[in-house]
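Encoded as structure tokens, the structure appears first; notes follow it.
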Amino acid sequence: MEYVGTALAEMTLPQISPLAGEPIDRADAERLAGVLKALADPARLRLLSLIQSAPDGEACVCDLTAPLGLSQPTVSHHLRILTEAGLLEREKRGVWAFYRLVPAAIGTIADLLTPPRKRATKKAPR
């Protein structure tokens, strides 16, 4: 098994939220913008949703073309963008590649986009 797609983990996202009231530096803004750009496409958002809702939380390109109504090369392109952004993890099994979400990446982005006051008032799970 070969895992690919840890760009977000390897690429450190800013420690400070752009909504924290302090200026975010240029490099941090560029890294965060790159990840948000990967998310800013309806097909990619649907891919994340389809993969997350798949029975095992993973899917192959062949499972995703029909629901999206896109060709295999187009779906593969979108999956590559999401994988390079660190939002998906890719596992090669023989000739097939399976994709799954990287939960920590999604959580990190959500935290960065949640204003600190809102984060502080979030109720802890019981």
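We label chains A, B, ... in the order they appear in the structure tokens, count residues from 1 in each chain, and number ligands from 1 in the order shown.
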Checklist entry - Which residues, written as a list in words, have at least one atom at most 8 Å from segment 36-40 of chain A, with only C-alpha atoms counted and residues fewer than 6 positions away on the same chain left out? => result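 Surrounding residues, per the criterion: Ile81, Leu82 and Ala85 of chain A.
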Checklist entry - In terms of the shortest atom-to-atom distance over only C-alpha atoms, which of A:Glu91, A:Glu22, A:Asp111, A:Glu84 is closest to Val35 of chain A? => result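 Residue with the minimum atom-to-atom distance to Val35 of chain A: A:Glu84.
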Write out, as a Markdown table, each residue of segment 27-53 of chain A that has an atom at most 8 Å from segment 97-110 of chain A, together with the closest pair of atoms and their distance in Å to one decimal, counting only C-alpha atoms, rows going by chain and rising number.
```
| residue | atom | partner | partner_atom | distance |
| --- | --- | --- | --- | --- |
| A:Leu48 | CA | A:Leu101 | CA | 7.0 |
| A:Ile51 | CA | A:Arg100 | CA | 6.2 |
| A:Gln52 | CA | A:Leu101 | CA | 6.6 |
```
Keeping only N, CA, C and O atoms, write the selected residues as an mmCIF file, in the first residue's frame.
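Wrote it out as result32.cif, contents follow:
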```cif
data_model
loop_
_atom_site.group_PDB
_atom_site.id
_atom_site.type_symbol
_atom_site.label_atom_id
_atom_site.label_comp_id
_atom_site.auth_asym_id
_atom_site.auth_seq_id
_atom_site.Cartn_x
_atom_site.Cartn_y
_atom_site.Cartn_z
ATOM 1 N N LEU A 48 -15.639 15.614 -2.013
ATOM 2 C CA LEU A 48 -15.414 15.440 -0.575
ATOM 3 C C LEU A 48 -16.638 14.820 0.089
ATOM 4 O O LEU A 48 -16.517 13.907 0.903
ATOM 5 N N ILE A 51 -17.060 11.078 -1.025
ATOM 6 C CA ILE A 51 -16.060 10.209 -0.395
ATOM 7 C C ILE A 51 -16.379 10.018 1.085
ATOM 8 O O ILE A 51 -16.341 8.901 1.604
ATOM 9 N N GLN A 52 -16.712 11.109 1.766
ATOM 10 C CA GLN A 52 -17.031 11.019 3.195
ATOM 11 C C GLN A 52 -18.245 10.134 3.443
ATOM 12 O O GLN A 52 -18.296 9.385 4.422
#
```
Item to check | Separation of atom CA of Ala66 of chain A from atom CA of Trp96 of chain A, in Å and rounded to one decimal | outcome: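 That distance, rounded to one decimal, is 16.9 Å.
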Checklist entry - For Pro42 of chain A, which residue out of A:Leu112, A:Glu89, A:Asp63, A:His78 is the nearest one, using only C-alpha atoms? => result A:His78
